[in-house]
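A.B. asks: I'd like to ask some things about the structure below.
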2 protein chains.
Amino acid sequence: MNLSSSKSFVEELDERGTIRQYQPRRTVFAQGDVADAVYYLQRGKIKLSLVSPRGKEAIIGIVSADAFFGEGCLAGQATRMSGATTITACTVARIPKGAIQDMLHEQPRFAEVFTAHLLSRNVRIEEDLTDQLFNSSEKRLARVLLLLANYGKDALPEPAIGKLSQQTLAGMVGTTRSRVSFFMNKFRALGYIQYDGGTNVHVQASLLNVILHE
Amino acid sequence: MNLSSSKSFVEELDERGTIRQYQPRRTVFAQGDVADAVYYLQRGKIKLSLVSPRGKEAIIGIVSADAFFGEGCLAGQATRMSGATTITACTVARIPKGAIQDMLHEQPRFAEVFTAHLLSRNVRIEEDLTDQLFNSSEKRLARVLLLLANYGKDALPEPAIGKLSQQTLAGMVGTTRSRVSFFMNKFRALGYIQYDGGTNVHVQASLLNVILHE
DNA sequence: TCGGAAATGTTCACTTTTGGACATGCAGCG
DNA sequence: CGCTGCATGTCCAAAAGTGAACATTTCCGA
């Protein structure tokens with residue numbers, strides 16, 4: 001979603017809400033917190049995750065700049081179903097539920113952008129769900145790597161994936177760390193990805209796609 | 001979602017769109033069709049499903065009366081990712097993409113309702129996703145039965161579940177038919193559900209909940 | 001009422017996934 | 001430098017799930 005051409009309501013969000021900076025790996029809100037505000041991510045990257053009663057962590061979304069999150073409260077959720085944690089340094093606007101509702105009423109242009117956000121999130125979650133239903137963990141991992149590499153579809157492909165632990169990848173894929181380790185090595189052996197010695201992974205998108213299409 | 005108190009735009013939907021009746025088990029649109037309209041279900045029940053390259057079917061949603069479906073086209077999807085098939089007899093309004101977009105611009109009240117729909121669908125799909133990520137197929141089946149039984153949250157619990165084949169249940173749960181058969185019999189043996197000899201299944205919600213919470 | 005089609009019950013060999021355990025490699029730090 | 005804490009590589013037995021076959025039951029139209 002590109003909001004850069006519509007400064008007006010981003011400024012308005014700043015007025016109606018409160019801006020805050022976060023270091024990496026900080027909690028914006030935790031699973032179970034009271035849900036009474038929507039957030040807008042101005043800069044950075046955030047993960048939405050959820051912990052099962054048995055302690056397993058699932059990542060149900062990655063939020064990139066210029067996107068909303070925490071909108072579940074508008075659907076009547078009284079508490080946060082998932083927690084929001086910064087991955088990189090972030091700038092976040094917190095807009096109280098009432099203010100968002102007012103803006104949705106009063107500003108058709110804002111409502112339009114917000115609706116577009118909901119629609120695209122919808123599409124993405126549906127894709128995640130069908131991916132879970134249809135594909136093996138090997139394919140799901142390949143897909144996650146490709147999605148991370150193509151981060152922000154409009155932008156150029158981003159072949160380097162920043163530091164994400166195998167544990168985190170496992171949470172995104174819906175499998176175990178040992179399995180992620182196994183497949184990452186397999187992909188590396190096949191030349192689909194390369195480790196650059198540092199904190200990045202380089203993805204050969206064209207090759208990795210082979211996995212997805214068998 | 002309750003739209004009964006806002007007849008105005010339901011009537012407007014009727015004007016801007018085309019109404020059509022469907023028999024059970026008919027295709028409203030098929031996976032891969034051109035996506036250029038949003039639908040509004042006035043009466044009946046519809047399933048949204050998707051077939052994998054290998055022929056496995058997944059049901060990613062059940063639409064009940066007074067809800068929209070096929071809204072993916074507003075997010076830029078040119079073709080249908082999933083197919084829509086009637087389960088019961090249905091009355092469906094088809095609203096061309098352009099007309100919906102006009103209404104979203106011009107009628108704040110309509111935009112509000114549509115946004116509410118997107119939000120609640122969002123919440124539901126997220127729940128489905130985390131259910132897949134966390135729970136075994138036994139628990140997922142128990143959850144599907146409970147959701148079907150509580151159909152339309154506002155309404156009274158509906159202990160009788162209409163005719164859904166085990167194959168369909170398997171698609172909703174994300175497992176195989178033989179597995180569904182196995183667990184259905186297990187649940188029956190434990191007294192969590194009863195077959196009434198006809199086409200219905202009666203759910204003992206309080207008991208079935210035990211499965212979910214282990 | 002009969003016969004076929006569809007749905008369901010049941011079994012089983014095979015595959016995938018889990019959930020550890022343990023060893024190794026690689027920082028940062030006193 | 002050695003210690004410590006992570007992240008990772010590797011292995012494996014046990015559990016869960018798959019996919020197909022086959023038997024049985026139910027439904028429905030001729």
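Every chain in the structure tokens has a letter given in the order shown (A, B, ...), and although residue numbers restart at 1 in each chain, ligands are simply numbered from 1 in the order shown.
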For chain B, list the residues within 10 Å of chain D, counting only C-alpha atoms (C1' of nucleotides), and write the list as a list in words.

C.D. replies: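 Output check: Ser136, Ser137, Thr175, Thr176, Ser178 and Arg179 of chain B.
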
A.B. asks: Distance limit 12 Å, atoms considered: only C-alpha atoms (C1' of nucleotides). Which chain B residues sit that close to chain C? Return them as a list in words.

C.D. replies: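 Written out as asked, the residues are Ser136, Lys163, Leu164, Ser165, Gln166, Gln167, Thr168, Arg177, Ser178, Arg179, Val180, Ser181, Phe182, Phe183, Met184, Asn185, Lys186 and Thr199 of chain B.
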
A.B. asks: Counting only C-alpha atoms, what are the residues of chain A within 10 Å of chain B, and for each of them which pair of atoms is the nearest and at what distance in Å, to one decimal? Sort the table by chain and rising number, as JSON lines.

C.D. replies:
```
{"residue": "A:Ser49", "atom": "CA", "partner": "B:Thr130", "partner_atom": "CA", "distance": 9.7}
{"residue": "A:Leu50", "atom": "CA", "partner": "B:Thr130", "partner_atom": "CA", "distance": 8.2}
{"residue": "A:Val51", "atom": "CA", "partner": "B:Phe134", "partner_atom": "CA", "distance": 9.0}
{"residue": "A:Ser52", "atom": "CA", "partner": "B:Phe134", "partner_atom": "CA", "distance": 6.6}
{"residue": "A:Pro53", "atom": "CA", "partner": "B:Phe134", "partner_atom": "CA", "distance": 9.2}
{"residue": "A:Arg54", "atom": "CA", "partner": "B:Phe134", "partner_atom": "CA", "distance": 9.0}
{"residue": "A:Gly55", "atom": "CA", "partner": "B:Phe134", "partner_atom": "CA", "distance": 9.9}
{"residue": "A:Lys56", "atom": "CA", "partner": "B:Phe134", "partner_atom": "CA", "distance": 7.5}
{"residue": "A:Glu57", "atom": "CA", "partner": "B:Phe134", "partner_atom": "CA", "distance": 8.7}
{"residue": "A:Ala58", "atom": "CA", "partner": "B:Leu133", "partner_atom": "CA", "distance": 6.9}
{"residue": "A:Ile59", "atom": "CA", "partner": "B:Thr130", "partner_atom": "CA", "distance": 8.9}
{"residue": "A:Ile60", "atom": "CA", "partner": "B:Thr130", "partner_atom": "CA", "distance": 7.4}
{"residue": "A:Gly61", "atom": "CA", "partner": "B:Glu126", "partner_atom": "CA", "distance": 9.6}
{"residue": "A:Glu71", "atom": "CA", "partner": "B:Leu119", "partner_atom": "CA", "distance": 7.8}
{"residue": "A:Gly72", "atom": "CA", "partner": "B:Val123", "partner_atom": "CA", "distance": 6.7}
{"residue": "A:Cys73", "atom": "CA", "partner": "B:Leu119", "partner_atom": "CA", "distance": 9.1}
{"residue": "A:Leu74", "atom": "CA", "partner": "B:Leu119", "partner_atom": "CA", "distance": 7.2}
{"residue": "A:Ala75", "atom": "CA", "partner": "B:Leu119", "partner_atom": "CA", "distance": 5.5}
{"residue": "A:Gly76", "atom": "CA", "partner": "B:Ser120", "partner_atom": "CA", "distance": 8.6}
{"residue": "A:Gln77", "atom": "CA", "partner": "B:Val123", "partner_atom": "CA", "distance": 8.8}
{"residue": "A:Met81", "atom": "CA", "partner": "B:Glu127", "partner_atom": "CA", "distance": 9.1}
{"residue": "A:Ser82", "atom": "CA", "partner": "B:Glu126", "partner_atom": "CA", "distance": 9.9}
{"residue": "A:Gln101", "atom": "CA", "partner": "B:Glu112", "partner_atom": "CA", "distance": 9.3}
{"residue": "A:Leu104", "atom": "CA", "partner": "B:Glu112", "partner_atom": "CA", "distance": 7.6}
{"residue": "A:His105", "atom": "CA", "partner": "B:Pro108", "partner_atom": "CA", "distance": 6.3}
{"residue": "A:Glu106", "atom": "CA", "partner": "B:Pro108", "partner_atom": "CA", "distance": 8.2}
{"residue": "A:Gln107", "atom": "CA", "partner": "B:Pro108", "partner_atom": "CA", "distance": 9.0}
{"residue": "A:Pro108", "atom": "CA", "partner": "B:His105", "partner_atom": "CA", "distance": 6.3}
{"residue": "A:Arg109", "atom": "CA", "partner": "B:His105", "partner_atom": "CA", "distance": 8.0}
{"residue": "A:Ala111", "atom": "CA", "partner": "B:Ala111", "partner_atom": "CA", "distance": 7.7}
{"residue": "A:Glu112", "atom": "CA", "partner": "B:His105", "partner_atom": "CA", "distance": 7.5}
{"residue": "A:Phe114", "atom": "CA", "partner": "B:Thr115", "partner_atom": "CA", "distance": 8.7}
{"residue": "A:Thr115", "atom": "CA", "partner": "B:Thr115", "partner_atom": "CA", "distance": 6.4}
{"residue": "A:Ala116", "atom": "CA", "partner": "B:Ala75", "partner_atom": "CA", "distance": 6.6}
{"residue": "A:His117", "atom": "CA", "partner": "B:Ala75", "partner_atom": "CA", "distance": 8.6}
{"residue": "A:Leu118", "atom": "CA", "partner": "B:Leu118", "partner_atom": "CA", "distance": 6.5}
{"residue": "A:Leu119", "atom": "CA", "partner": "B:Ala75", "partner_atom": "CA", "distance": 5.5}
{"residue": "A:Ser120", "atom": "CA", "partner": "B:Ala75", "partner_atom": "CA", "distance": 5.7}
{"residue": "A:Arg121", "atom": "CA", "partner": "B:Asn122", "partner_atom": "CA", "distance": 7.8}
{"residue": "A:Asn122", "atom": "CA", "partner": "B:Asn122", "partner_atom": "CA", "distance": 5.8}
{"residue": "A:Val123", "atom": "CA", "partner": "B:Gly72", "partner_atom": "CA", "distance": 6.7}
{"residue": "A:Ile125", "atom": "CA", "partner": "B:Ile125", "partner_atom": "CA", "distance": 6.8}
{"residue": "A:Glu126", "atom": "CA", "partner": "B:Ile125", "partner_atom": "CA", "distance": 6.8}
{"residue": "A:Glu127", "atom": "CA", "partner": "B:Met81", "partner_atom": "CA", "distance": 9.1}
{"residue": "A:Asp128", "atom": "CA", "partner": "B:Leu129", "partner_atom": "CA", "distance": 7.4}
{"residue": "A:Leu129", "atom": "CA", "partner": "B:Leu129", "partner_atom": "CA", "distance": 5.4}
{"residue": "A:Thr130", "atom": "CA", "partner": "B:Ala58", "partner_atom": "CA", "distance": 7.3}
{"residue": "A:Asp131", "atom": "CA", "partner": "B:Ser52", "partner_atom": "CA", "distance": 9.8}
{"residue": "A:Gln132", "atom": "CA", "partner": "B:Gln132", "partner_atom": "CA", "distance": 7.1}
{"residue": "A:Leu133", "atom": "CA", "partner": "B:Gly174", "partner_atom": "CA", "distance": 5.6}
{"residue": "A:Phe134", "atom": "CA", "partner": "B:Ser52", "partner_atom": "CA", "distance": 6.6}
{"residue": "A:Asn135", "atom": "CA", "partner": "B:Ser52", "partner_atom": "CA", "distance": 9.1}
{"residue": "A:Gly171", "atom": "CA", "partner": "B:Leu133", "partner_atom": "CA", "distance": 8.9}
{"residue": "A:Met172", "atom": "CA", "partner": "B:Leu133", "partner_atom": "CA", "distance": 9.4}
{"residue": "A:Val173", "atom": "CA", "partner": "B:Leu133", "partner_atom": "CA", "distance": 8.8}
{"residue": "A:Gly174", "atom": "CA", "partner": "B:Leu133", "partner_atom": "CA", "distance": 5.6}
{"residue": "A:Thr175", "atom": "CA", "partner": "B:Leu133", "partner_atom": "CA", "distance": 8.2}
{"residue": "A:His213", "atom": "CA", "partner": "B:Pro53", "partner_atom": "CA", "distance": 9.3}
```

A.B. asks: Just how far from atom CA of Ile62 of chain A is atom CA of Glu11 of chain A, in Å to one decimal?

C.D. replies: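 Value for the atom CA of Glu11 of chain A-atom CA of Ile62 of chain A distance: 23.9 Å.
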
A.B. asks: Please report, as CSV, each residue of segment 58-163 of chain B lying at most 8 Å from segment 20-27 of chain B, together with the nearest pair of atoms and the separation in Å rounded to one decimal; use only C-alpha atoms, and order rows by chain and ascending residue number.

C.D. replies:
```
residue,atom,partner,partner_atom,distance
B:Gly83,CA,B:Thr27,CA,7.6
B:Ala84,CA,B:Thr27,CA,6.0
B:Thr85,CA,B:Thr27,CA,4.5
B:Thr86,CA,B:Arg25,CA,4.9
B:Ile87,CA,B:Pro24,CA,5.1
B:Thr88,CA,B:Pro24,CA,4.4
B:Ala89,CA,B:Gln23,CA,4.7
B:Cys90,CA,B:Tyr22,CA,5.1
B:Thr91,CA,B:Gln21,CA,4.6
B:Val92,CA,B:Arg20,CA,5.4
B:Ala93,CA,B:Arg20,CA,6.4
B:Arg94,CA,B:Arg20,CA,7.9
```

A.B. asks: For the residues selected in the previous step, produce a file with N, CA and C atoms as a PDB file, in the first residue's frame.

C.D. replies:
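Wrote it out as part00.pdb, contents follow:
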```pdb
ATOM      1  N   GLY B  83     -13.342 -20.656  -5.512  1.00  0.00           N
ATOM      2  CA  GLY B  83     -14.655 -20.737  -6.114  1.00  0.00           C
ATOM      3  C   GLY B  83     -15.732 -20.563  -5.056  1.00  0.00           C
ATOM      4  N   ALA B  84     -16.919 -20.138  -5.471  1.00  0.00           N
ATOM      5  CA  ALA B  84     -18.053 -19.993  -4.552  1.00  0.00           C
ATOM      6  C   ALA B  84     -19.163 -20.923  -5.009  1.00  0.00           C
ATOM      7  N   THR B  85     -19.595 -21.796  -4.105  1.00  0.00           N
ATOM      8  CA  THR B  85     -20.606 -22.791  -4.428  1.00  0.00           C
ATOM      9  C   THR B  85     -21.716 -22.738  -3.397  1.00  0.00           C
ATOM     10  N   THR B  86     -22.955 -22.766  -3.864  1.00  0.00           N
ATOM     11  CA  THR B  86     -24.063 -22.740  -2.916  1.00  0.00           C
ATOM     12  C   THR B  86     -24.143 -24.081  -2.184  1.00  0.00           C
ATOM     13  N   ILE B  87     -24.471 -24.002  -0.919  1.00  0.00           N
ATOM     14  CA  ILE B  87     -24.712 -25.219  -0.138  1.00  0.00           C
ATOM     15  C   ILE B  87     -26.219 -25.453  -0.088  1.00  0.00           C
ATOM     16  N   THR B  88     -26.947 -24.419   0.324  1.00  0.00           N
ATOM     17  CA  THR B  88     -28.406 -24.456   0.329  1.00  0.00           C
ATOM     18  C   THR B  88     -28.903 -23.586  -0.824  1.00  0.00           C
ATOM     19  N   ALA B  89     -30.215 -23.465  -0.968  1.00  0.00           N
ATOM     20  CA  ALA B  89     -30.760 -22.530  -1.944  1.00  0.00           C
ATOM     21  C   ALA B  89     -30.380 -21.114  -1.519  1.00  0.00           C
ATOM     22  N   CYS B  90     -30.030 -20.284  -2.485  1.00  0.00           N
ATOM     23  CA  CYS B  90     -29.496 -18.969  -2.153  1.00  0.00           C
ATOM     24  C   CYS B  90     -30.104 -17.865  -3.000  1.00  0.00           C
ATOM     25  N   THR B  91     -30.136 -16.656  -2.407  1.00  0.00           N
ATOM     26  CA  THR B  91     -30.428 -15.450  -3.162  1.00  0.00           C
ATOM     27  C   THR B  91     -29.198 -14.566  -3.096  1.00  0.00           C
ATOM     28  N   VAL B  92     -28.677 -14.236  -4.258  1.00  0.00           N
ATOM     29  CA  VAL B  92     -27.383 -13.561  -4.326  1.00  0.00           C
ATOM     30  C   VAL B  92     -27.489 -12.294  -5.152  1.00  0.00           C
ATOM     31  N   ALA B  93     -26.963 -11.199  -4.649  1.00  0.00           N
ATOM     32  CA  ALA B  93     -26.869  -9.972  -5.437  1.00  0.00           C
ATOM     33  C   ALA B  93     -25.450  -9.841  -5.965  1.00  0.00           C
ATOM     34  N   ARG B  94     -25.343  -9.591  -7.240  1.00  0.00           N
ATOM     35  CA  ARG B  94     -24.042  -9.399  -7.866  1.00  0.00           C
ATOM     36  C   ARG B  94     -23.869  -7.921  -8.151  1.00  0.00           C
TER      37      ARG B  94
END
```

A.B. asks: Quick one: residues within 8 Å of Gly70 of chain B, only C-alpha atoms (C1' of nucleotides) counted, chain neighbours fewer than 4 positions away excluded, as a PyMOL selection string?

C.D. replies: chain B and resi 35+37-39+80

A.B. asks: Keeping only C-alpha atoms, take the residues you just selected and write them out as a PDB file, in the first residue's frame.

C.D. replies:
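Result file part.pdb:
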```pdb
ATOM      1  CA  ALA B  35     -13.088 -11.213 -10.879  1.00  0.00           C
ATOM      2  CA  ALA B  37     -17.847  -8.019  -9.084  1.00  0.00           C
ATOM      3  CA  VAL B  38     -18.583  -8.322  -5.402  1.00  0.00           C
ATOM      4  CA  TYR B  39     -21.450 -10.478  -4.202  1.00  0.00           C
ATOM      5  CA  ARG B  80     -10.963 -15.637  -8.463  1.00  0.00           C
TER       6      ARG B  80
END
```

A.B. asks: Just list the residues in segment 2-162 of chain B DSSP gives strand (DSSP E or B) on the backbone, as a PyMOL selection string.

C.D. replies: chain B and resi 18-22+27-29+34+37-43+45-51+57-64+67-69+79+83-86+90-96+160-161

A.B. asks: Output as a PyMOL selection string all residues of segment 50-208 of chain B that backbone DSSP marks as alpha helix (DSSP H).

C.D. replies: chain B and resi 97-106+108-134+137-149+166-173+177-189+205-208

A.B. asks: Would you write out those residues with C-alpha atoms, as a JSON list (two decimals), in the first residue's frame?

C.D. replies:
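Result went into selection_16.json, see below:
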```json
[["chain", "number", "residue", "atom", "x", "y", "z"],
["B", 97, "LYS", "CA", -16.80, -3.71, -9.04],
["B", 98, "GLY", "CA", -17.33, -0.14, -10.19],
["B", 99, "ALA", "CA", -20.70, 0.15, -8.50],
["B", 100, "ILE", "CA", -19.30, -1.07, -5.20],
["B", 101, "GLN", "CA", -16.47, 1.40, -5.43],
["B", 102, "ASP", "CA", -18.92, 4.21, -6.08],
["B", 103, "MET", "CA", -21.02, 3.22, -3.12],
["B", 104, "LEU", "CA", -17.97, 3.07, -0.89],
["B", 105, "HIS", "CA", -17.15, 6.63, -1.92],
["B", 106, "GLU", "CA", -20.59, 8.08, -1.75],
["B", 108, "PRO", "CA", -20.38, 6.50, 4.44],
["B", 109, "ARG", "CA", -22.96, 4.26, 6.07],
["B", 110, "PHE", "CA", -22.37, 1.58, 3.48],
["B", 111, "ALA", "CA", -18.62, 1.93, 3.76],
["B", 112, "GLU", "CA", -18.99, 1.41, 7.47],
["B", 113, "VAL", "CA", -20.90, -1.82, 7.10],
["B", 114, "PHE", "CA", -18.54, -3.08, 4.44],
["B", 115, "THR", "CA", -15.55, -2.29, 6.62],
["B", 116, "ALA", "CA", -17.18, -4.14, 9.50],
["B", 117, "HIS", "CA", -17.55, -7.14, 7.24],
["B", 118, "LEU", "CA", -13.91, -7.04, 6.22],
["B", 119, "LEU", "CA", -12.83, -6.76, 9.83],
["B", 120, "SER", "CA", -14.85, -9.71, 10.98],
["B", 121, "ARG", "CA", -13.73, -11.83, 8.07],
["B", 122, "ASN", "CA", -10.18, -10.87, 8.91],
["B", 123, "VAL", "CA", -10.58, -12.01, 12.47],
["B", 124, "ARG", "CA", -12.11, -15.27, 11.40],
["B", 125, "ILE", "CA", -9.41, -16.12, 8.87],
["B", 126, "GLU", "CA", -6.73, -15.29, 11.40],
["B", 127, "GLU", "CA", -8.36, -17.68, 13.81],
["B", 128, "ASP", "CA", -8.46, -20.34, 11.14],
["B", 129, "LEU", "CA", -4.80, -19.81, 10.46],
["B", 130, "THR", "CA", -3.70, -20.04, 14.07],
["B", 131, "ASP", "CA", -5.92, -23.07, 14.48],
["B", 132, "GLN", "CA", -4.02, -24.73, 11.65],
["B", 133, "LEU", "CA", -0.70, -23.75, 13.11],
["B", 134, "PHE", "CA", -1.40, -24.89, 16.65],
["B", 137, "SER", "CA", -6.62, -32.44, 13.17],
["B", 138, "GLU", "CA", -8.72, -33.85, 15.99],
["B", 139, "LYS", "CA", -8.99, -30.45, 17.63],
["B", 140, "ARG", "CA", -9.56, -28.73, 14.34],
["B", 141, "LEU", "CA", -12.48, -31.00, 13.60],
["B", 142, "ALA", "CA", -13.92, -30.34, 17.04],
["B", 143, "ARG", "CA", -13.60, -26.61, 16.41],
["B", 144, "VAL", "CA", -15.29, -26.81, 13.02],
["B", 145, "LEU", "CA", -18.20, -28.71, 14.53],
["B", 146, "LEU", "CA", -18.54, -26.15, 17.29],
["B", 147, "LEU", "CA", -18.42, -23.26, 14.83],
["B", 148, "LEU", "CA", -21.07, -24.89, 12.67],
["B", 149, "ALA", "CA", -23.23, -25.49, 15.71],
["B", 166, "GLN", "CA", -17.26, -36.03, 5.54],
["B", 167, "GLN", "CA", -15.39, -35.07, 2.42],
["B", 168, "THR", "CA", -16.50, -31.47, 2.88],
["B", 169, "LEU", "CA", -15.65, -31.53, 6.55],
["B", 170, "ALA", "CA", -12.23, -32.85, 5.64],
["B", 171, "GLY", "CA", -11.76, -29.87, 3.35],
["B", 172, "MET", "CA", -12.74, -27.46, 6.09],
["B", 173, "VAL", "CA", -10.52, -29.10, 8.66],
["B", 177, "ARG", "CA", -11.87, -38.09, 4.85],
["B", 178, "SER", "CA", -10.73, -41.25, 6.57],
["B", 179, "ARG", "CA", -9.45, -39.16, 9.40],
["B", 180, "VAL", "CA", -12.75, -37.31, 9.70],
["B", 181, "SER", "CA", -14.61, -40.60, 9.76],
["B", 182, "PHE", "CA", -12.33, -41.88, 12.49],
["B", 183, "PHE", "CA", -12.74, -38.86, 14.73],
["B", 184, "MET", "CA", -16.48, -38.53, 14.15],
["B", 185, "ASN", "CA", -16.90, -42.04, 15.42],
["B", 186, "LYS", "CA", -14.63, -41.34, 18.34],
["B", 187, "PHE", "CA", -16.65, -38.25, 19.24],
["B", 188, "ARG", "CA", -19.82, -40.26, 18.94],
["B", 189, "ALA", "CA", -18.51, -43.01, 21.16],
["B", 205, "ALA", "CA", -21.10, -28.14, 22.75],
["B", 206, "SER", "CA", -20.15, -28.30, 26.39],
["B", 207, "LEU", "CA", -18.64, -31.74, 25.94],
["B", 208, "LEU", "CA", -16.95, -31.08, 22.64]]
```

A.B. asks: At what distance in Å, to one decimal, does atom CA of Asp66 of chain B lie from atom CA of Gln42 of chain B?

C.D. replies: 5.2 Å
